[in-house]
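K.L.:
Please read through the structure below; I'll follow up with questions.
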Amino acid sequence: MAKMIHSMLRVLDEARSVAFYQIALGLKPVDKVVFDSFTLIYLTNAEQTFELELTINHGRTEPYDLGNGYGHLAVSVEDAAAEHARLHKEGLTLTPVKTLENNGRVIGTFFFLTDPDGYKIEVLQRGAPGRFV
């Protein structure tokens, strides 16, 4: 079976993006590879082996067009309301907390966070026992 190892986002400002992901998701750089025309930075934390790869194309000054195909990244948390309050205090861009239900069953409580380049991140507290991880 294949194992998911990373997802890649193109970002404009290395320092701004690394700081955002550290504050918002507790991700820290574990590797950085500099090439002539681009730099790759891999972020993760102790809770997982999955990495977020940030790609910085040298010399780029214009924001990326995210188009209409990108959806979002998702992270799970124990308490969506508490995490929303923490991120709000940090001054990050958030949507209100919502609960998704189906036939009386809570599927999850969630909100979206937007990174400095406009990428959406779903912050999800799962409703179904055992489906949190």
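Residues in the structure tokens are numbered from 1 in each chain, the chains being A, B, ... in the order shown, and ligands are numbered from 1 in the order shown.
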Excluding range 98-114 of chain A and its own-chain neighbours fewer than 4 positions away, which residues fall within 7 Å of it when counting only C-alpha atoms? Please give them as a list in words.

P.N.:
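The filter keeps Ala80, Thr93, Leu94, Gly118, Tyr119, Lys120, Ile121, Glu122, Val123, Leu124, Gln125, Arg126, Gly127 and Ala128 of chain A.
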
K.L.:
Would you return as a ChimeraX atom specification the members of chain A that DSSP assigns to alpha helix (DSSP H) on this structure's backbone?

P.N.:
/A:14-25,80-89

K.L.:
Let me see the file: selected residues, N, CA and C atoms, as an mmCIF file, in the first residue's frame.

P.N.:
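Wrote result.cif, looks like this:
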```cif
data_model
loop_
_atom_site.group_PDB
_atom_site.id
_atom_site.type_symbol
_atom_site.label_atom_id
_atom_site.label_comp_id
_atom_site.auth_asym_id
_atom_site.auth_seq_id
_atom_site.Cartn_x
_atom_site.Cartn_y
_atom_site.Cartn_z
ATOM 1 N N GLU A 14 9.070 32.998 2.318
ATOM 2 C CA GLU A 14 9.480 31.880 3.175
ATOM 3 C C GLU A 14 9.270 32.174 4.656
ATOM 4 N N ALA A 15 9.802 33.270 5.134
ATOM 5 C CA ALA A 15 9.723 33.579 6.568
ATOM 6 C C ALA A 15 8.279 33.730 7.023
ATOM 7 N N ARG A 16 7.470 34.424 6.245
ATOM 8 C CA ARG A 16 6.060 34.640 6.605
ATOM 9 C C ARG A 16 5.312 33.315 6.679
ATOM 10 N N SER A 17 5.537 32.443 5.705
ATOM 11 C CA SER A 17 4.833 31.159 5.675
ATOM 12 C C SER A 17 5.307 30.216 6.777
ATOM 13 N N VAL A 18 6.610 30.140 7.007
ATOM 14 C CA VAL A 18 7.124 29.277 8.072
ATOM 15 C C VAL A 18 6.571 29.741 9.417
ATOM 16 N N ALA A 19 6.570 31.055 9.656
ATOM 17 C CA ALA A 19 6.033 31.591 10.917
ATOM 18 C C ALA A 19 4.544 31.273 11.050
ATOM 19 N N PHE A 20 3.772 31.444 9.975
ATOM 20 C CA PHE A 20 2.343 31.155 10.007
ATOM 21 C C PHE A 20 2.092 29.699 10.399
ATOM 22 N N TYR A 21 2.739 28.750 9.733
ATOM 23 C CA TYR A 21 2.477 27.335 9.995
ATOM 24 C C TYR A 21 2.969 26.906 11.376
ATOM 25 N N GLN A 22 3.988 27.578 11.888
ATOM 26 C CA GLN A 22 4.425 27.269 13.255
ATOM 27 C C GLN A 22 3.395 27.764 14.263
ATOM 28 N N ILE A 23 2.910 28.991 14.094
ATOM 29 C CA ILE A 23 1.909 29.545 15.009
ATOM 30 C C ILE A 23 0.580 28.794 14.885
ATOM 31 N N ALA A 24 0.113 28.625 13.656
ATOM 32 C CA ALA A 24 -1.215 28.057 13.430
ATOM 33 C C ALA A 24 -1.295 26.567 13.713
ATOM 34 N N LEU A 25 -0.312 25.797 13.263
ATOM 35 C CA LEU A 25 -0.415 24.338 13.325
ATOM 36 C C LEU A 25 0.714 23.663 14.096
ATOM 37 N N ALA A 80 -12.401 22.248 18.680
ATOM 38 C CA ALA A 80 -12.413 23.273 17.626
ATOM 39 C C ALA A 80 -12.643 24.666 18.192
ATOM 40 N N ALA A 81 -13.535 24.809 19.157
ATOM 41 C CA ALA A 81 -13.822 26.134 19.725
ATOM 42 C C ALA A 81 -12.595 26.714 20.418
ATOM 43 N N ALA A 82 -11.881 25.898 21.176
ATOM 44 C CA ALA A 82 -10.681 26.368 21.866
ATOM 45 C C ALA A 82 -9.587 26.744 20.869
ATOM 46 N N GLU A 83 -9.438 25.949 19.826
ATOM 47 C CA GLU A 83 -8.428 26.240 18.806
ATOM 48 C C GLU A 83 -8.790 27.514 18.045
ATOM 49 N N HIS A 84 -10.069 27.702 17.766
ATOM 50 C CA HIS A 84 -10.534 28.920 17.100
ATOM 51 C C HIS A 84 -10.193 30.139 17.954
ATOM 52 N N ALA A 85 -10.451 30.057 19.249
ATOM 53 C CA ALA A 85 -10.158 31.171 20.157
ATOM 54 C C ALA A 85 -8.652 31.468 20.177
ATOM 55 N N ARG A 86 -7.824 30.430 20.211
ATOM 56 C CA ARG A 86 -6.370 30.617 20.221
ATOM 57 C C ARG A 86 -5.887 31.309 18.952
ATOM 58 N N LEU A 87 -6.374 30.847 17.808
ATOM 59 C CA LEU A 87 -5.943 31.417 16.530
ATOM 60 C C LEU A 87 -6.487 32.829 16.336
ATOM 61 N N HIS A 88 -7.685 33.083 16.845
ATOM 62 C CA HIS A 88 -8.257 34.433 16.788
ATOM 63 C C HIS A 88 -7.367 35.411 17.557
ATOM 64 N N LYS A 89 -6.876 35.001 18.721
ATOM 65 C CA LYS A 89 -5.976 35.840 19.520
ATOM 66 C C LYS A 89 -4.683 36.143 18.776
#
```

K.L.:
Just want the 12 Å neighbourhood of Gln48 in chain A, counted on only C-alpha atoms, with same-chain residues fewer than 3 positions away dropped. Output as a VMD selection string.

P.N.:
chain A and resid 4 to 6 26 to 28 43 to 45 51 to 52 75 to 76 133

K.L.:
For the selection you just gave me, I'd like the residues written to a file as a JSON list (two decimals), in the first residue's frame, keeping all heavy atoms.

P.N.:
```
[["chain", "number", "residue", "atom", "x", "y", "z"],
["A", 4, "MET", "N", 0.83, 8.16, 2.32],
["A", 4, "MET", "CA", 0.89, 9.59, 2.06],
["A", 4, "MET", "C", 2.07, 10.16, 2.85],
["A", 4, "MET", "O", 2.20, 9.89, 4.05],
["A", 4, "MET", "CB", -0.40, 10.28, 2.48],
["A", 4, "MET", "CG", -1.63, 9.79, 1.74],
["A", 4, "MET", "SD", -1.71, 10.39, 0.06],
["A", 4, "MET", "CE", -2.14, 12.09, 0.34],
["A", 5, "ILE", "N", 2.94, 10.97, 2.19],
["A", 5, "ILE", "CA", 4.11, 11.50, 2.88],
["A", 5, "ILE", "C", 4.16, 13.02, 2.95],
["A", 5, "ILE", "O", 4.73, 13.57, 3.88],
["A", 5, "ILE", "CB", 5.42, 10.95, 2.28],
["A", 5, "ILE", "CG1", 5.54, 11.32, 0.81],
["A", 5, "ILE", "CG2", 5.54, 9.46, 2.52],
["A", 5, "ILE", "CD1", 6.91, 11.06, 0.21],
["A", 6, "HIS", "N", 3.62, 13.72, 1.94],
["A", 6, "HIS", "CA", 3.60, 15.17, 2.03],
["A", 6, "HIS", "C", 2.62, 15.78, 1.03],
["A", 6, "HIS", "O", 2.18, 15.14, 0.11],
["A", 6, "HIS", "CB", 5.00, 15.79, 1.86],
["A", 6, "HIS", "CG", 5.53, 15.84, 0.46],
["A", 6, "HIS", "ND1", 6.52, 15.01, 0.02],
["A", 6, "HIS", "CD2", 5.23, 16.65, -0.58],
["A", 6, "HIS", "CE1", 6.80, 15.29, -1.24],
["A", 6, "HIS", "NE2", 6.02, 16.29, -1.63],
["A", 26, "GLY", "N", 1.63, 24.43, 14.65],
["A", 26, "GLY", "CA", 2.73, 23.84, 15.39],
["A", 26, "GLY", "C", 3.72, 23.09, 14.53],
["A", 26, "GLY", "O", 4.46, 22.23, 15.01],
["A", 27, "LEU", "N", 3.78, 23.42, 13.23],
["A", 27, "LEU", "CA", 4.71, 22.76, 12.32],
["A", 27, "LEU", "C", 6.04, 23.50, 12.31],
["A", 27, "LEU", "O", 6.07, 24.73, 12.27],
["A", 27, "LEU", "CB", 4.14, 22.72, 10.90],
["A", 27, "LEU", "CG", 2.81, 21.99, 10.73],
["A", 27, "LEU", "CD1", 2.35, 22.10, 9.29],
["A", 27, "LEU", "CD2", 2.94, 20.53, 11.15],
["A", 28, "LYS", "N", 7.12, 22.74, 12.32],
["A", 28, "LYS", "CA", 8.46, 23.34, 12.30],
["A", 28, "LYS", "C", 9.26, 22.73, 11.16],
["A", 28, "LYS", "O", 9.07, 21.56, 10.81],
["A", 28, "LYS", "CB", 9.17, 23.08, 13.62],
["A", 28, "LYS", "CG", 8.49, 23.75, 14.79],
["A", 28, "LYS", "CD", 9.24, 23.50, 16.07],
["A", 28, "LYS", "CE", 8.51, 24.21, 17.22],
["A", 28, "LYS", "NZ", 9.15, 24.01, 18.48],
["A", 43, "LEU", "N", 7.98, 20.83, 6.58],
["A", 43, "LEU", "CA", 7.50, 21.13, 7.92],
["A", 43, "LEU", "C", 6.74, 19.93, 8.48],
["A", 43, "LEU", "O", 6.00, 19.27, 7.75],
["A", 43, "LEU", "CB", 6.55, 22.33, 7.90],
["A", 43, "LEU", "CG", 7.01, 23.60, 7.20],
["A", 43, "LEU", "CD1", 5.86, 24.58, 7.11],
["A", 43, "LEU", "CD2", 8.17, 24.21, 7.94],
["A", 44, "THR", "N", 6.88, 19.70, 9.78],
["A", 44, "THR", "CA", 6.11, 18.65, 10.45],
["A", 44, "THR", "C", 6.13, 18.92, 11.95],
["A", 44, "THR", "O", 6.70, 19.90, 12.40],
["A", 44, "THR", "CB", 6.66, 17.24, 10.12],
["A", 44, "THR", "OG1", 5.70, 16.25, 10.51],
["A", 44, "THR", "CG2", 7.99, 16.97, 10.78],
["A", 45, "ASN", "N", 5.48, 18.03, 12.70],
["A", 45, "ASN", "CA", 5.56, 18.09, 14.16],
["A", 45, "ASN", "C", 5.62, 16.67, 14.71],
["A", 45, "ASN", "O", 5.55, 15.70, 13.94],
["A", 45, "ASN", "CB", 4.41, 18.91, 14.77],
["A", 45, "ASN", "CG", 3.05, 18.33, 14.52],
["A", 45, "ASN", "OD1", 2.88, 17.13, 14.34],
["A", 45, "ASN", "ND2", 2.04, 19.18, 14.49],
["A", 51, "GLU", "N", 4.36, 15.41, 6.06],
["A", 51, "GLU", "CA", 5.01, 16.71, 6.00],
["A", 51, "GLU", "C", 4.29, 17.66, 5.06],
["A", 51, "GLU", "O", 3.66, 17.23, 4.09],
["A", 51, "GLU", "CB", 6.46, 16.55, 5.50],
["A", 51, "GLU", "CG", 7.33, 15.75, 6.44],
["A", 51, "GLU", "CD", 8.72, 15.50, 5.89],
["A", 51, "GLU", "OE1", 8.89, 15.47, 4.65],
["A", 51, "GLU", "OE2", 9.63, 15.33, 6.70],
["A", 52, "LEU", "N", 4.40, 18.93, 5.35],
["A", 52, "LEU", "CA", 3.95, 19.98, 4.45],
["A", 52, "LEU", "C", 5.20, 20.53, 3.78],
["A", 52, "LEU", "O", 6.13, 20.96, 4.45],
["A", 52, "LEU", "CB", 3.23, 21.09, 5.21],
["A", 52, "LEU", "CG", 2.73, 22.25, 4.35],
["A", 52, "LEU", "CD1", 1.73, 21.77, 3.29],
["A", 52, "LEU", "CD2", 2.10, 23.32, 5.23],
["A", 75, "VAL", "N", -6.73, 19.52, 9.19],
["A", 75, "VAL", "CA", -6.06, 19.04, 10.40],
["A", 75, "VAL", "C", -7.13, 18.73, 11.43],
["A", 75, "VAL", "O", -8.21, 19.33, 11.42],
["A", 75, "VAL", "CB", -5.06, 20.07, 10.97],
["A", 75, "VAL", "CG1", -3.95, 20.35, 9.97],
["A", 75, "VAL", "CG2", -5.75, 21.35, 11.38],
["A", 76, "SER", "N", -6.86, 17.76, 12.30],
["A", 76, "SER", "CA", -7.82, 17.44, 13.34],
["A", 76, "SER", "C", -7.35, 17.99, 14.68],
["A", 76, "SER", "O", -6.14, 18.06, 14.95],
["A", 76, "SER", "CB", -8.04, 15.92, 13.43],
["A", 76, "SER", "OG", -6.85, 15.26, 13.76],
["A", 133, "VAL", "N", -8.51, 10.51, 14.60],
["A", 133, "VAL", "CA", -7.13, 10.45, 14.13],
["A", 133, "VAL", "C", -7.09, 10.36, 12.62],
["A", 133, "VAL", "O", -7.85, 9.71, 12.00],
["A", 133, "VAL", "CB", -6.39, 9.25, 14.75],
["A", 133, "VAL", "CG1", -4.96, 9.20, 14.29],
["A", 133, "VAL", "CG2", -6.46, 9.34, 16.25]]
```

K.L.:
Name the residues of range 1-121 of chain A that fall into strand (DSSP E or B) according to DSSP on the backbone, using the chain letters and numbers of this document, as a VMD selection string.

P.N.:
chain A and resid 6 to 10 28 to 34 38 to 44 51 to 57 73 to 76 93 to 94 98 to 102 105 to 114 120 to 121

K.L.:
Which residue gives the smallest distance to Gly59 in chain A among A:Lys3, A:Asp36, A:Pro96, A:Pro116, with only C-alpha atoms counted?

P.N.:
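The answer is A:Asp36, which sits nearest to Gly59 in chain A.
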
K.L.:
I'd like to know which of A:Asp31, A:Glu78, A:Asp117, A:Asp13 is closest to Arg60 in chain A, using only C-alpha atoms.

P.N.:
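Of A:Asp31, A:Glu78, A:Asp117, A:Asp13, the one nearest Arg60 in chain A is A:Asp13, counting only C-alpha atoms.
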
K.L.:
Give me, please, the distance in Å between CA of Ile41 in chain A and CA of Asn57 in chain A, quoted to one decimal.

P.N.:
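These atoms are spaced 11.5 Å apart.
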